[in-house]
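Dropping model31.json in here (JSON, C-alpha atoms):
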[["chain", "number", "residue", "atom", "x", "y", "z"],
["Z", 1, "MET", "CA", -7.21, 30.20, 15.41],
["Z", 2, "GLY", "CA", -9.88, 32.63, 16.46],
["Z", 3, "THR", "CA", -11.57, 30.24, 18.87],
["Z", 4, "GLY", "CA", -8.36, 28.68, 20.19],
["Z", 5, "VAL", "CA", -9.88, 25.24, 19.55],
["Z", 6, "SER", "CA", -8.08, 22.96, 17.13],
["Z", 7, "LEU", "CA", -9.98, 21.83, 14.07],
["Z", 8, "ILE", "CA", -8.04, 18.56, 14.15],
["Z", 9, "GLY", "CA", -9.15, 16.02, 16.73],
["Z", 10, "ASP", "CA", -7.05, 13.28, 18.31],
["Z", 11, "GLU", "CA", -8.78, 10.63, 16.20],
["Z", 12, "ALA", "CA", -7.67, 12.36, 13.00],
["Z", 13, "ARG", "CA", -4.12, 13.00, 14.26],
["Z", 14, "ALA", "CA", -3.73, 9.32, 15.10],
["Z", 15, "LEU", "CA", -4.27, 8.48, 11.43],
["Z", 16, "ILE", "CA", -1.19, 10.31, 10.18],
["Z", 17, "GLY", "CA", 1.01, 7.72, 8.48],
["Z", 18, "GLN", "CA", -1.84, 5.20, 8.43],
["Z", 19, "VAL", "CA", -3.93, 3.75, 5.62],
["Z", 20, "THR", "CA", -7.18, 5.73, 5.69],
["Z", 21, "PHE", "CA", -8.90, 4.21, 2.70],
["Z", 22, "ARG", "CA", -8.59, 1.00, 0.75],
["Z", 23, "ALA", "CA", -10.83, -0.06, -2.10],
["Z", 24, "GLN", "CA", -10.90, -2.26, -5.16],
["Z", 25, "GLY", "CA", -12.75, -1.94, -8.42],
["Z", 26, "ILE", "CA", -12.83, -3.57, -11.82],
["Z", 27, "ALA", "CA", -11.94, -1.17, -14.62],
["Z", 28, "ARG", "CA", -14.58, -1.03, -17.30],
["Z", 29, "LEU", "CA", -13.80, 0.48, -20.66],
["Z", 30, "SER", "CA", -17.41, 1.56, -21.08],
["Z", 31, "GLU", "CA", -17.17, 3.71, -17.95],
["Z", 32, "GLY", "CA", -13.84, 5.15, -19.04],
["Z", 33, "ARG", "CA", -15.42, 6.05, -22.37],
["Z", 34, "ARG", "CA", -18.32, 7.79, -20.63],
["Z", 35, "TYR", "CA", -15.77, 9.85, -18.73],
["Z", 36, "ALA", "CA", -13.89, 10.63, -21.96],
["Z", 37, "ALA", "CA", -17.15, 11.62, -23.64],
["Z", 38, "ALA", "CA", -18.05, 13.92, -20.75],
["Z", 39, "VAL", "CA", -14.64, 15.58, -21.04],
["Z", 40, "GLY", "CA", -15.00, 15.82, -24.81],
["Z", 41, "ASP", "CA", -11.92, 13.66, -25.29],
["Z", 42, "ASP", "CA", -11.95, 11.76, -28.58],
["Z", 43, "ASN", "CA", -8.46, 10.29, -28.14],
["Z", 44, "PRO", "CA", -8.58, 7.14, -30.35],
["Z", 45, "LEU", "CA", -6.53, 5.24, -27.77],
["Z", 46, "TYR", "CA", -9.69, 5.12, -25.64],
["Z", 47, "TRP", "CA", -12.10, 4.39, -28.47],
["Z", 48, "ASN", "CA", -10.39, 2.24, -31.09],
["Z", 49, "HIS", "CA", -8.77, -1.11, -30.28],
["Z", 50, "ARG", "CA", -6.97, -1.35, -33.60],
["Z", 51, "TYR", "CA", -5.54, 2.13, -33.27],
["Z", 52, "ALA", "CA", -4.38, 1.36, -29.73],
["Z", 53, "ARG", "CA", -2.67, -1.84, -30.90],
["Z", 54, "LEU", "CA", -0.84, 0.07, -33.63],
["Z", 55, "ALA", "CA", 0.38, 2.45, -30.91],
["Z", 56, "GLY", "CA", 1.85, -0.47, -28.96],
["Z", 57, "TYR", "CA", -0.96, -1.31, -26.52],
["Z", 58, "ARG", "CA", -2.75, -4.66, -26.45],
["Z", 59, "ALA", "CA", -6.19, -3.01, -26.70],
["Z", 60, "ALA", "CA", -7.93, 0.32, -26.09],
["Z", 61, "ILE", "CA", -6.94, 1.83, -22.75],
["Z", 62, "LEU", "CA", -8.88, 3.74, -20.12],
["Z", 63, "PRO", "CA", -8.12, 7.47, -19.70],
["Z", 64, "PRO", "CA", -5.27, 7.60, -17.15],
["Z", 65, "LEU", "CA", -7.02, 10.17, -14.95],
["Z", 66, "PHE", "CA", -10.05, 7.87, -14.78],
["Z", 67, "THR", "CA", -8.01, 5.46, -12.64],
["Z", 68, "GLN", "CA", -9.06, 7.38, -9.53],
["Z", 69, "TYR", "CA", -12.75, 6.66, -10.24],
["Z", 70, "VAL", "CA", -12.42, 2.91, -10.82],
["Z", 71, "THR", "CA", -12.33, 2.34, -7.08],
["Z", 72, "ARG", "CA", -14.95, 4.91, -6.14],
["Z", 73, "ASN", "CA", -17.42, 3.16, -3.87],
["Z", 74, "SER", "CA", -21.14, 3.41, -4.15],
["Z", 75, "PHE", "CA", -23.03, 4.34, -0.99],
["Z", 76, "ASP", "CA", -26.44, 4.13, 0.57],
["Z", 77, "LEU", "CA", -28.72, 6.95, -0.54],
["Z", 78, "SER", "CA", -29.58, 7.61, 3.11],
["Z", 79, "ASP", "CA", -25.93, 8.53, 3.70],
["Z", 80, "ILE", "CA", -25.92, 11.43, 1.25],
["Z", 81, "ARG", "CA", -25.28, 14.75, 2.93],
["Z", 82, "THR", "CA", -27.17, 17.94, 2.12],
["Z", 83, "ASP", "CA", -24.33, 19.02, -0.18],
["Z", 84, "GLY", "CA", -24.90, 15.88, -2.26],
["Z", 85, "LEU", "CA", -21.70, 14.11, -1.27],
["Z", 86, "GLY", "CA", -21.71, 10.66, 0.24],
["Z", 87, "MET", "CA", -20.29, 10.14, 3.69],
["Z", 88, "ALA", "CA", -17.74, 7.72, 2.21],
["Z", 89, "SER", "CA", -16.21, 10.47, 0.10],
["Z", 90, "ASP", "CA", -15.86, 12.75, 3.09],
["Z", 91, "SER", "CA", -12.52, 14.04, 4.33],
["Z", 92, "ALA", "CA", -10.44, 11.63, 2.25],
["Z", 93, "GLY", "CA", -11.18, 9.04, 4.96],
["Z", 94, "VAL", "CA", -10.08, 11.35, 7.77],
["Z", 95, "PRO", "CA", -12.62, 12.29, 10.46],
["Z", 96, "LEU", "CA", -12.75, 16.09, 10.56],
["Z", 97, "PRO", "CA", -16.29, 16.79, 11.80],
["Z", 98, "ALA", "CA", -15.48, 20.48, 12.40],
["Z", 99, "CYS", "CA", -14.59, 20.92, 8.73],
["Z", 100, "PRO", "CA", -17.31, 19.48, 6.49],
["Z", 101, "ARG", "CA", -16.57, 21.68, 3.46],
["Z", 102, "LYS", "CA", -13.90, 20.16, 1.22],
["Z", 103, "MET", "CA", -12.11, 21.49, -1.82],
["Z", 104, "ALA", "CA", -9.41, 19.81, -3.86],
["Z", 105, "ALA", "CA", -6.36, 22.07, -3.86],
["Z", 106, "GLY", "CA", -4.00, 20.13, -6.06],
["Z", 107, "ILE", "CA", -2.80, 16.74, -7.15],
["Z", 108, "ASP", "CA", 0.48, 15.33, -8.45],
["Z", 109, "TRP", "CA", 0.26, 12.17, -10.56],
["Z", 110, "HIS", "CA", 2.91, 9.70, -11.58],
["Z", 111, "PHE", "CA", 1.82, 7.09, -14.11],
["Z", 112, "PHE", "CA", 3.62, 3.76, -14.44],
["Z", 113, "ASP", "CA", 1.27, 1.55, -16.43],
["Z", 114, "VAL", "CA", -1.95, 1.76, -18.41],
["Z", 115, "VAL", "CA", -5.32, 0.35, -17.39],
["Z", 116, "TYR", "CA", -7.27, -2.03, -19.63],
["Z", 117, "ASP", "CA", -10.84, -3.21, -19.54],
["Z", 118, "GLN", "CA", -11.44, -5.71, -16.68],
["Z", 119, "ASP", "CA", -8.22, -4.87, -14.81],
["Z", 120, "LEU", "CA", -8.73, -5.21, -11.06],
["Z", 121, "ILE", "CA", -7.49, -1.97, -9.50],
["Z", 122, "THR", "CA", -6.62, -1.60, -5.83],
["Z", 123, "GLN", "CA", -6.34, 1.83, -4.27],
["Z", 124, "GLU", "CA", -4.63, 2.46, -0.96],
["Z", 125, "ARG", "CA", -4.57, 5.91, 0.57],
["Z", 126, "VAL", "CA", -2.16, 6.92, 3.32],
["Z", 127, "LEU", "CA", -2.61, 10.12, 5.28],
["Z", 128, "GLU", "CA", 0.64, 12.02, 4.98],
["Z", 129, "SER", "CA", -0.10, 15.10, 7.08],
["Z", 130, "LEU", "CA", -2.71, 17.40, 8.57],
["Z", 131, "GLU", "CA", -1.87, 21.08, 8.79],
["Z", 132, "GLU", "CA", -4.04, 23.69, 10.43],
["Z", 133, "LYS", "CA", -3.88, 27.06, 8.71],
["Z", 134, "SER", "CA", -5.55, 30.43, 8.96],
["Z", 135, "GLY", "CA", -6.38, 32.49, 5.91],
["Z", 136, "ARG", "CA", -8.41, 35.46, 4.76],
["Z", 137, "THR", "CA", -11.68, 33.53, 5.05],
["Z", 138, "GLY", "CA", -10.89, 31.86, 8.35],
["Z", 139, "ALA", "CA", -9.28, 28.68, 9.62],
["Z", 140, "PHE", "CA", -8.89, 25.54, 7.55],
["Z", 141, "VAL", "CA", -7.05, 22.23, 7.47],
["Z", 142, "LEU", "CA", -4.78, 20.97, 4.70],
["Z", 143, "VAL", "CA", -5.21, 17.21, 4.28],
["Z", 144, "ILE", "CA", -2.33, 15.70, 2.32],
["Z", 145, "SER", "CA", -2.60, 12.08, 1.25],
["Z", 146, "THR", "CA", -0.77, 9.66, -1.00],
["Z", 147, "ASN", "CA", -2.75, 7.23, -3.16],
["Z", 148, "ILE", "CA", -1.25, 4.10, -4.65],
["Z", 149, "TYR", "CA", -3.09, 2.31, -7.47],
["Z", 150, "THR", "CA", -2.03, -1.22, -8.33],
["Z", 151, "LYS", "CA", -3.17, -4.09, -10.54],
["Z", 152, "LEU", "CA", -2.99, -7.77, -9.71],
["Z", 153, "ASP", "CA", 0.39, -8.92, -8.37],
["Z", 154, "ASN", "CA", 0.94, -5.43, -6.94],
["Z", 155, "GLN", "CA", 1.92, -4.05, -10.33],
["Z", 156, "LEU", "CA", 2.06, -0.29, -9.87],
["Z", 157, "VAL", "CA", -0.31, 1.66, -12.12],
["Z", 158, "ALA", "CA", -0.17, 5.17, -10.66],
["Z", 159, "ARG", "CA", 0.69, 7.15, -7.58],
["Z", 160, "SER", "CA", -0.89, 10.45, -6.65],
["Z", 161, "ARG", "CA", -0.34, 12.97, -3.91],
["Z", 162, "SER", "CA", -3.42, 15.04, -3.24],
["Z", 163, "THR", "CA", -4.06, 18.12, -1.15],
["Z", 164, "VAL", "CA", -7.57, 18.80, 0.12],
["Z", 165, "ILE", "CA", -8.64, 21.97, 1.93],
["Z", 166, "ALA", "CA", -11.17, 21.22, 4.68],
["Z", 167, "ARG", "CA", -13.13, 24.18, 6.05],
["Z", 168, "PRO", "CA", -15.62, 24.72, 8.84],
["Z", 169, "PRO", "CA", -19.24, 25.44, 7.88],
["Z", 170, "ALA", "CA", -19.65, 28.87, 6.27],
["Z", 171, "ASP", "CA", -21.22, 30.53, 9.32],
["Z", 172, "VAL", "CA", -18.44, 29.30, 11.60],
["Z", 173, "ALA", "CA", -15.81, 30.56, 9.16],
["Z", 174, "VAL", "CA", -17.44, 34.00, 9.19],
["Z", 175, "ARG", "CA", -17.49, 34.09, 12.96],
["Z", 176, "GLU", "CA", -13.83, 33.14, 13.17],
["Z", 177, "SER", "CA", -12.80, 35.82, 10.72],
["Z", 178, "GLU", "CA", -14.54, 38.55, 12.69],
["O", 1, "MET", "CA", -1.07, 7.14, -37.28],
["O", 2, "THR", "CA", 0.55, 10.49, -36.58],
["O", 3, "GLY", "CA", 2.25, 11.69, -33.47],
["O", 4, "LEU", "CA", 5.12, 13.78, -32.27],
["O", 5, "PHE", "CA", 8.69, 12.56, -32.22],
["O", 6, "PHE", "CA", 11.15, 13.97, -29.75],
["O", 7, "GLU", "CA", 13.29, 15.50, -32.49],
["O", 8, "GLU", "CA", 10.31, 17.57, -33.66],
["O", 9, "VAL", "CA", 9.96, 19.39, -30.35],
["O", 10, "SER", "CA", 11.89, 22.47, -29.23],
["O", 11, "CYS", "CA", 12.01, 24.42, -25.99],
["O", 12, "GLY", "CA", 9.47, 27.23, -26.13],
["O", 13, "ASP", "CA", 7.11, 25.40, -28.50],
["O", 14, "GLU", "CA", 3.52, 26.36, -27.79],
["O", 15, "MET", "CA", 0.73, 23.83, -27.75],
["O", 16, "PRO", "CA", -2.42, 24.83, -29.64],
["O", 17, "SER", "CA", -4.64, 26.62, -27.13],
["O", 18, "ARG", "CA", -8.29, 25.70, -26.71],
["O", 19, "LEU", "CA", -11.23, 27.68, -25.39],
["O", 20, "GLU", "CA", -13.74, 25.67, -23.38],
["O", 21, "VAL", "CA", -17.28, 26.74, -22.57],
["O", 22, "PHE", "CA", -19.75, 25.05, -20.24],
["O", 23, "ASP", "CA", -23.45, 24.42, -19.79],
["O", 24, "PRO", "CA", -25.51, 22.48, -17.24],
["O", 25, "ALA", "CA", -25.58, 19.32, -19.35],
["O", 26, "ARG", "CA", -21.79, 19.24, -19.66],
["O", 27, "LEU", "CA", -21.33, 19.65, -15.90],
["O", 28, "PHE", "CA", -24.00, 17.04, -15.20],
["O", 29, "PHE", "CA", -22.44, 14.45, -17.48],
["O", 30, "PHE", "CA", -19.03, 14.94, -15.87],
["O", 31, "SER", "CA", -20.57, 14.59, -12.40],
["O", 32, "ALA", "CA", -22.34, 11.41, -13.50],
["O", 33, "SER", "CA", -19.29, 9.86, -15.13],
["O", 34, "THR", "CA", -17.22, 10.39, -11.98],
["O", 35, "PHE", "CA", -20.01, 9.48, -9.51],
["O", 36, "ASN", "CA", -19.79, 12.95, -7.99],
["O", 37, "GLY", "CA", -23.01, 14.06, -6.28],
["O", 38, "HIS", "CA", -21.81, 17.49, -5.16],
["O", 39, "ARG", "CA", -24.76, 19.82, -5.73],
["O", 40, "ILE", "CA", -22.64, 22.87, -6.54],
["O", 41, "HIS", "CA", -22.10, 21.38, -10.00],
["O", 42, "TYR", "CA", -25.75, 20.78, -11.02],
["O", 43, "ASP", "CA", -28.18, 22.29, -8.49],
["O", 44, "TRP", "CA", -28.29, 26.00, -9.27],
["O", 45, "ARG", "CA", -30.44, 26.91, -6.27],
["O", 46, "TYR", "CA", -28.16, 25.04, -3.86],
["O", 47, "ALA", "CA", -25.01, 26.49, -5.43],
["O", 48, "THR", "CA", -26.27, 30.08, -5.27],
["O", 49, "GLU", "CA", -28.56, 30.21, -2.24],
["O", 50, "ILE", "CA", -26.81, 27.81, 0.13],
["O", 51, "GLU", "CA", -23.15, 27.92, -0.92],
["O", 52, "GLY", "CA", -23.19, 31.54, -2.14],
["O", 53, "PHE", "CA", -21.72, 31.01, -5.62],
["O", 54, "GLN", "CA", -22.94, 33.18, -8.46],
["O", 55, "ASP", "CA", -23.60, 30.18, -10.69],
["O", 56, "LEU", "CA", -22.93, 26.45, -10.99],
["O", 57, "VAL", "CA", -19.29, 25.58, -10.32],
["O", 58, "VAL", "CA", -17.06, 23.83, -12.86],
["O", 59, "HIS", "CA", -15.34, 20.80, -11.28],
["O", 60, "GLY", "CA", -11.63, 21.23, -10.61],
["O", 61, "SER", "CA", -11.24, 17.66, -11.85],
["O", 62, "LEU", "CA", -12.90, 18.64, -15.15],
["O", 63, "GLN", "CA", -10.43, 21.49, -15.57],
["O", 64, "ALA", "CA", -7.60, 19.02, -14.95],
["O", 65, "ALA", "CA", -9.10, 16.59, -17.46],
["O", 66, "LEU", "CA", -9.32, 19.33, -20.09],
["O", 67, "ILE", "CA", -5.66, 20.21, -19.57],
["O", 68, "PHE", "CA", -4.78, 16.51, -19.82],
["O", 69, "ARG", "CA", -6.79, 16.17, -23.04],
["O", 70, "SER", "CA", -4.93, 19.11, -24.63],
["O", 71, "LEU", "CA", -1.68, 17.43, -23.74],
["O", 72, "THR", "CA", -2.56, 14.02, -25.20],
["O", 73, "ALA", "CA", -4.02, 15.63, -28.34],
["O", 74, "TRP", "CA", -0.77, 17.57, -28.84],
["O", 75, "MET", "CA", 1.64, 14.68, -28.35],
["O", 76, "GLY", "CA", -0.28, 11.94, -30.19],
["O", 77, "PRO", "CA", -0.63, 8.20, -29.54],
["O", 78, "GLN", "CA", 3.02, 7.25, -29.10],
["O", 79, "GLY", "CA", 3.73, 9.73, -26.34],
["O", 80, "ARG", "CA", 3.25, 8.80, -22.70],
["O", 81, "ILE", "CA", 2.48, 11.10, -19.81],
["O", 82, "VAL", "CA", 4.58, 9.98, -16.85],
["O", 83, "ARG", "CA", 3.92, 12.93, -14.55],
["O", 84, "PHE", "CA", 1.01, 15.37, -14.34],
["O", 85, "SER", "CA", 0.47, 18.00, -11.64],
["O", 86, "THR", "CA", -2.29, 20.53, -11.15],
["O", 87, "LYS", "CA", -3.00, 23.17, -8.55],
["O", 88, "SER", "CA", -6.38, 24.80, -7.93],
["O", 89, "LEU", "CA", -6.11, 28.54, -7.45],
["O", 90, "GLY", "CA", -9.62, 29.76, -8.13],
["O", 91, "GLN", "CA", -13.21, 28.88, -8.92],
["O", 92, "VAL", "CA", -14.54, 28.62, -12.45],
["O", 93, "LEU", "CA", -18.26, 29.16, -12.89],
["O", 94, "MET", "CA", -20.43, 27.70, -15.62],
["O", 95, "THR", "CA", -20.73, 31.08, -17.34],
["O", 96, "ASP", "CA", -16.93, 31.53, -17.49],
["O", 97, "ALA", "CA", -14.87, 30.42, -20.47],
["O", 98, "LEU", "CA", -11.65, 28.51, -19.89],
["O", 99, "LYS", "CA", -8.56, 28.87, -22.05],
["O", 100, "VAL", "CA", -6.20, 25.89, -21.93],
["O", 101, "SER", "CA", -2.65, 26.39, -23.13],
["O", 102, "GLY", "CA", 0.85, 25.03, -22.68],
["O", 103, "ARG", "CA", 4.46, 25.23, -23.81],
["O", 104, "VAL", "CA", 7.59, 23.15, -23.74],
["O", 105, "ILE", "CA", 10.02, 24.26, -21.06],
["O", 106, "GLY", "CA", 12.60, 21.47, -20.99],
["O", 107, "LEU", "CA", 14.05, 18.60, -23.03],
["O", 108, "GLY", "CA", 16.19, 15.63, -22.16],
["O", 109, "GLU", "CA", 17.16, 12.20, -23.43],
["O", 110, "ASP", "CA", 17.49, 8.98, -21.50],
["O", 111, "GLN", "CA", 18.81, 6.05, -23.53],
["O", 112, "ASP", "CA", 16.16, 5.36, -26.19],
["O", 113, "ILE", "CA", 13.50, 7.83, -25.09],
["O", 114, "GLY", "CA", 13.00, 11.59, -25.24],
["O", 115, "LEU", "CA", 11.78, 13.42, -22.16],
["O", 116, "VAL", "CA", 9.79, 16.64, -22.45],
["O", 117, "GLU", "CA", 8.82, 19.00, -19.64],
["O", 118, "ILE", "CA", 5.69, 21.02, -20.25],
["O", 119, "GLU", "CA", 4.14, 23.95, -18.41],
["O", 120, "MET", "CA", 0.39, 24.35, -18.83],
["O", 121, "ALA", "CA", -2.46, 26.45, -17.52],
["O", 122, "ALA", "CA", -6.22, 26.78, -17.47],
["O", 123, "GLU", "CA", -7.14, 30.44, -17.54],
["O", 124, "ARG", "CA", -10.57, 31.70, -16.54],
["O", 125, "GLN", "CA", -12.05, 34.28, -18.91],
["O", 126, "ARG", "CA", -14.75, 36.37, -17.27],
["O", 127, "GLY", "CA", -15.82, 39.53, -19.09],
["O", 128, "HIS", "CA", -12.67, 41.45, -19.83],
["O", 129, "SER", "CA", -10.64, 39.83, -17.06],
["O", 130, "SER", "CA", -8.65, 36.64, -17.13],
["O", 131, "ILE", "CA", -6.85, 34.79, -14.38],
["O", 132, "VAL", "CA", -5.00, 31.47, -14.19],
["O", 133, "THR", "CA", -7.17, 29.20, -12.05],
["O", 134, "MET", "CA", -5.21, 25.99, -12.58],
["O", 135, "PRO", "CA", -1.50, 25.96, -13.36],
["O", 136, "ALA", "CA", -0.21, 22.54, -14.36],
["O", 137, "SER", "CA", 2.98, 20.79, -15.35],
["O", 138, "ALA", "CA", 3.70, 17.50, -17.05],
["O", 139, "GLY", "CA", 6.53, 15.17, -17.94],
["O", 140, "VAL", "CA", 6.07, 13.33, -21.22],
["O", 141, "MET", "CA", 8.03, 10.56, -22.94],
["O", 142, "LEU", "CA", 8.22, 10.83, -26.72],
["O", 143, "PRO", "CA", 9.74, 8.29, -29.14],
["O", 144, "LEU", "CA", 12.99, 9.09, -30.95],
["O", 145, "LYS", "CA", 12.65, 9.25, -34.70],
["O", 146, "SER", "CA", 16.25, 8.13, -35.04],
["O", 147, "LEU", "CA", 15.34, 4.75, -33.51],
["O", 148, "GLN", "CA", 12.34, 4.05, -35.75]]

Since I need it in another form, could you write the structure as structure tokens?
Amino acid sequence: MGTGVSLIGDEARALIGQVTFRAQGIARLSEGRRYAAAVGDDNPLYWNHRYARLAGYRAAILPPLFTQYVTRNSFDLSDIRTDGLGMASDSAGVPLPACPRKMAAGIDWHFFDVVYDQDLITQERVLESLEEKSGRTGAFVLVISTNIYTKLDNQLVARSRSTVIARPPADVAVRESE
Amino acid sequence: MTGLFFEEVSCGDEMPSRLEVFDPARLFFFSASTFNGHRIHYDWRYATEIEGFQDLVVHGSLQAALIFRSLTAWMGPQGRIVRFSTKSLGQVLMTDALKVSGRVIGLGEDQDIGLVEIEMAAERQRGHSSIVTMPASAGVMLPLKSLQ
């Protein structure tokens, strides 16, 4: 790195292999439908109970990708950063104060079960690795985490592996690339 | 109820492509439905003057959702997506159009179910240039007509 100072502190390194975030939420079909509407997704499985039953489900289901938002926590308005994100959504639960700018780089999903209205969903995120890299626009950190989503009785709903790019503030990145 | 059966699918089959366009209301509603307060998606002044983008930024998660929607629309209600992967390679701005497409690249059978591998992409259309901003892949289970 240009400055010779690691972007990853000891506190963050100590979290590798640990649970960095755990949350529960009750799935609500109305919220899943708002998501589907915002996407422009008129899949009848989300909108029509009878249609869903004919397809083999017991009722209308929530959009599978909406699973990740069922457990999204609310936060105090005073905790919102200038970029509009809440502190709770920062760094995928990993303290990286030198890298406040985050960008999702990719995600791999495996789906095992569907989510119905009123299902209680538990999300557990484990930090898999932190990798410091240097690119054209400066240094950054790759944050790789695994998320497990379960219903009651630990019934597996989905597993995802996400990669987030964490970058220093823009002015720092410019300085480091000089 | 209509939907694809495994026997109706061949390697190389193309999914119908879709062209998506965006406006501030669409980006706002997606932000709201996912409880995403990031200003780059709805605050034009913040996105351009503070973050340096040329316009509002389309969520990567919205691109992924649009790819997913194309997939479910193609396979119908009896198919099941068991695996879905996306990779973000570039920014899409509100004024860009996004072409979503896909094709079948592999087939297999496992007992009473058909397995289909699909390669997909979201392609940014800006002026006369186009670039894949989000390649994706999926594994789908389709019912066998022979077992119906």

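Between chain Z and the residues O:Gly114, O:Gly139, O:Pro16, O:Gly108, the shortest atom-to-atom distance, using all atoms listed in the file, involves O:Gly139.
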
- Task: Please work out which residues fall within 9 Å of (-4.9, 1.3, 3.7), coordinates as given in the file, with only C-alpha atoms counting, and return them as a PyMOL selection string.
- Result: chain Z and resi 18-23+123-126

Can you pull out the residues contacting region 65-68 of chain Z? Cut-off 8 Å, using only C-alpha atoms, and skip same-chain residues under 6 positions away; I want them as a CSV table (one decimal) with C-alpha atoms, in the frame of the given file.
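Wrote it out as result-v7.csv, contents follow:
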chain,number,residue,atom,x,y,z
Z,27,ALA,CA,-11.9,-1.2,-14.6
Z,32,GLY,CA,-13.8,5.2,-19.0
Z,35,TYR,CA,-15.8,9.8,-18.7
Z,115,VAL,CA,-5.3,0.4,-17.4
Z,149,TYR,CA,-3.1,2.3,-7.5
O,65,ALA,CA,-9.1,16.6,-17.5

- Message: My list of candidates is O:Met15, O:Ala47, O:Leu93, O:Val116. Which is closest to chain Z when distances are computed with only C-alpha atoms?
- Response: O:Ala47

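Candidate residues O:Phe53, O:Ser33, O:Met120, O:Val92 were compared for distance to Ile105 (chain O), and the nearest is O:Met120, using only C-alpha atoms.
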
Per-residue nearest contacts of chain O to chain Z (8 Å; only C-alpha atoms) as JSON lines:
{"residue": "O:Met1", "atom": "CA", "partner": "Z:Tyr51", "partner_atom": "CA", "distance": 7.8}
{"residue": "O:Arg26", "atom": "CA", "partner": "Z:Ala38", "partner_atom": "CA", "distance": 6.6}
{"residue": "O:Phe29", "atom": "CA", "partner": "Z:Ala38", "partner_atom": "CA", "distance": 5.5}
{"residue": "O:Phe30", "atom": "CA", "partner": "Z:Ala38", "partner_atom": "CA", "distance": 5.1}
{"residue": "O:Ser33", "atom": "CA", "partner": "Z:Tyr35", "partner_atom": "CA", "distance": 5.0}
{"residue": "O:Thr34", "atom": "CA", "partner": "Z:Tyr69", "partner_atom": "CA", "distance": 6.1}
{"residue": "O:Phe35", "atom": "CA", "partner": "Z:Arg72", "partner_atom": "CA", "distance": 7.6}
{"residue": "O:Asn36", "atom": "CA", "partner": "Z:Leu85", "partner_atom": "CA", "distance": 7.1}
{"residue": "O:Gly37", "atom": "CA", "partner": "Z:Gly84", "partner_atom": "CA", "distance": 4.8}
{"residue": "O:His38", "atom": "CA", "partner": "Z:Gly84", "partner_atom": "CA", "distance": 4.5}
{"residue": "O:Arg39", "atom": "CA", "partner": "Z:Gly84", "partner_atom": "CA", "distance": 5.3}
{"residue": "O:Ile40", "atom": "CA", "partner": "Z:Asp83", "partner_atom": "CA", "distance": 7.6}
{"residue": "O:Gly60", "atom": "CA", "partner": "Z:Ala104", "partner_atom": "CA", "distance": 7.2}
{"residue": "O:Leu62", "atom": "CA", "partner": "Z:Val39", "partner_atom": "CA", "distance": 6.9}
{"residue": "O:Ala65", "atom": "CA", "partner": "Z:Val39", "partner_atom": "CA", "distance": 6.7}
{"residue": "O:Leu66", "atom": "CA", "partner": "Z:Val39", "partner_atom": "CA", "distance": 6.6}
{"residue": "O:Arg69", "atom": "CA", "partner": "Z:Asp41", "partner_atom": "CA", "distance": 6.1}
{"residue": "O:Thr72", "atom": "CA", "partner": "Z:Asn43", "partner_atom": "CA", "distance": 7.6}
{"residue": "O:Ala73", "atom": "CA", "partner": "Z:Asn43", "partner_atom": "CA", "distance": 6.9}
{"residue": "O:Pro77", "atom": "CA", "partner": "Z:Ala55", "partner_atom": "CA", "distance": 6.0}
{"residue": "O:Gln78", "atom": "CA", "partner": "Z:Ala55", "partner_atom": "CA", "distance": 5.8}
{"residue": "O:Ile81", "atom": "CA", "partner": "Z:Phe111", "partner_atom": "CA", "distance": 7.0}
{"residue": "O:Val82", "atom": "CA", "partner": "Z:Phe111", "partner_atom": "CA", "distance": 4.8}
{"residue": "O:Arg83", "atom": "CA", "partner": "Z:His110", "partner_atom": "CA", "distance": 4.5}
{"residue": "O:Phe84", "atom": "CA", "partner": "Z:Trp109", "partner_atom": "CA", "distance": 5.0}
{"residue": "O:Ser85", "atom": "CA", "partner": "Z:Asp108", "partner_atom": "CA", "distance": 4.2}
{"residue": "O:Thr86", "atom": "CA", "partner": "Z:Gly106", "partner_atom": "CA", "distance": 5.4}
{"residue": "O:Lys87", "atom": "CA", "partner": "Z:Gly106", "partner_atom": "CA", "distance": 4.1}
{"residue": "O:Ser88", "atom": "CA", "partner": "Z:Ala105", "partner_atom": "CA", "distance": 4.9}
{"residue": "O:Leu89", "atom": "CA", "partner": "Z:Ala105", "partner_atom": "CA", "distance": 7.4}

- Contacts of Ala14 (chain Z) at 12 Å (all atoms listed in the file; same-chain gap of 4+ positions) as a list in words: Ile8, Gly9, Asp10, Gln18, Val19, Thr20, Val94, Pro95, Leu127, Glu128, Ser129 and Leu130 of chain Z

- Message: I'd like the neighbourhood of Asp153 (chain Z) as a ChimeraX atom specification, where a residue qualifies if any of its atoms comes within 12 Å (using all atoms listed in the file), though same-chain residues fewer than 3 positions away should be ignored.
- Response: /Z:119-122,149-150,156-157

- Message: My list of candidates is O:Asp55, O:Glu123, O:Gly76, O:Asp96. Which is closest to Thr2 (chain O) when distances are computed with all atoms listed in the file?
- Response: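 Counting all atoms listed in the file, the residue closest to Thr2 (chain O) is O:Gly76.
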
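The space separating CA of Val9 (chain O) from CA of Lys99 (chain O) comes to 22.4 Å.
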
- Message: Between CA of Glu119 (chain O) and CA of Ile144 (chain Z), what is the distance in Å, rounded to a tenth?
- Response: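 These atoms are spaced 23.2 Å apart.
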
- Tell me, in Å to one decimal, how far CA of Arg103 (chain O) is from CA of Phe22 (chain O).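 Between CA of Arg103 (chain O) and CA of Phe22 (chain O) the gap works out to 24.5 Å.
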
Show which residues sit within 8 Å of Val21 (chain O), as a PDB file with C-alpha atoms, in the frame of the given file. Count all atoms listed in the file, and ignore same-chain residues fewer than 4 positions away.
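Result file result-v8.pdb:
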ATOM      1  CA  MET O  94     -20.430  27.700 -15.620  1.00  0.00           C
ATOM      2  CA  THR O  95     -20.730  31.080 -17.340  1.00  0.00           C
ATOM      3  CA  ASP O  96     -16.930  31.530 -17.490  1.00  0.00           C
ATOM      4  CA  ALA O  97     -14.870  30.420 -20.470  1.00  0.00           C
ATOM      5  CA  LEU O  98     -11.650  28.510 -19.890  1.00  0.00           C
TER       6      LEU O  98
END
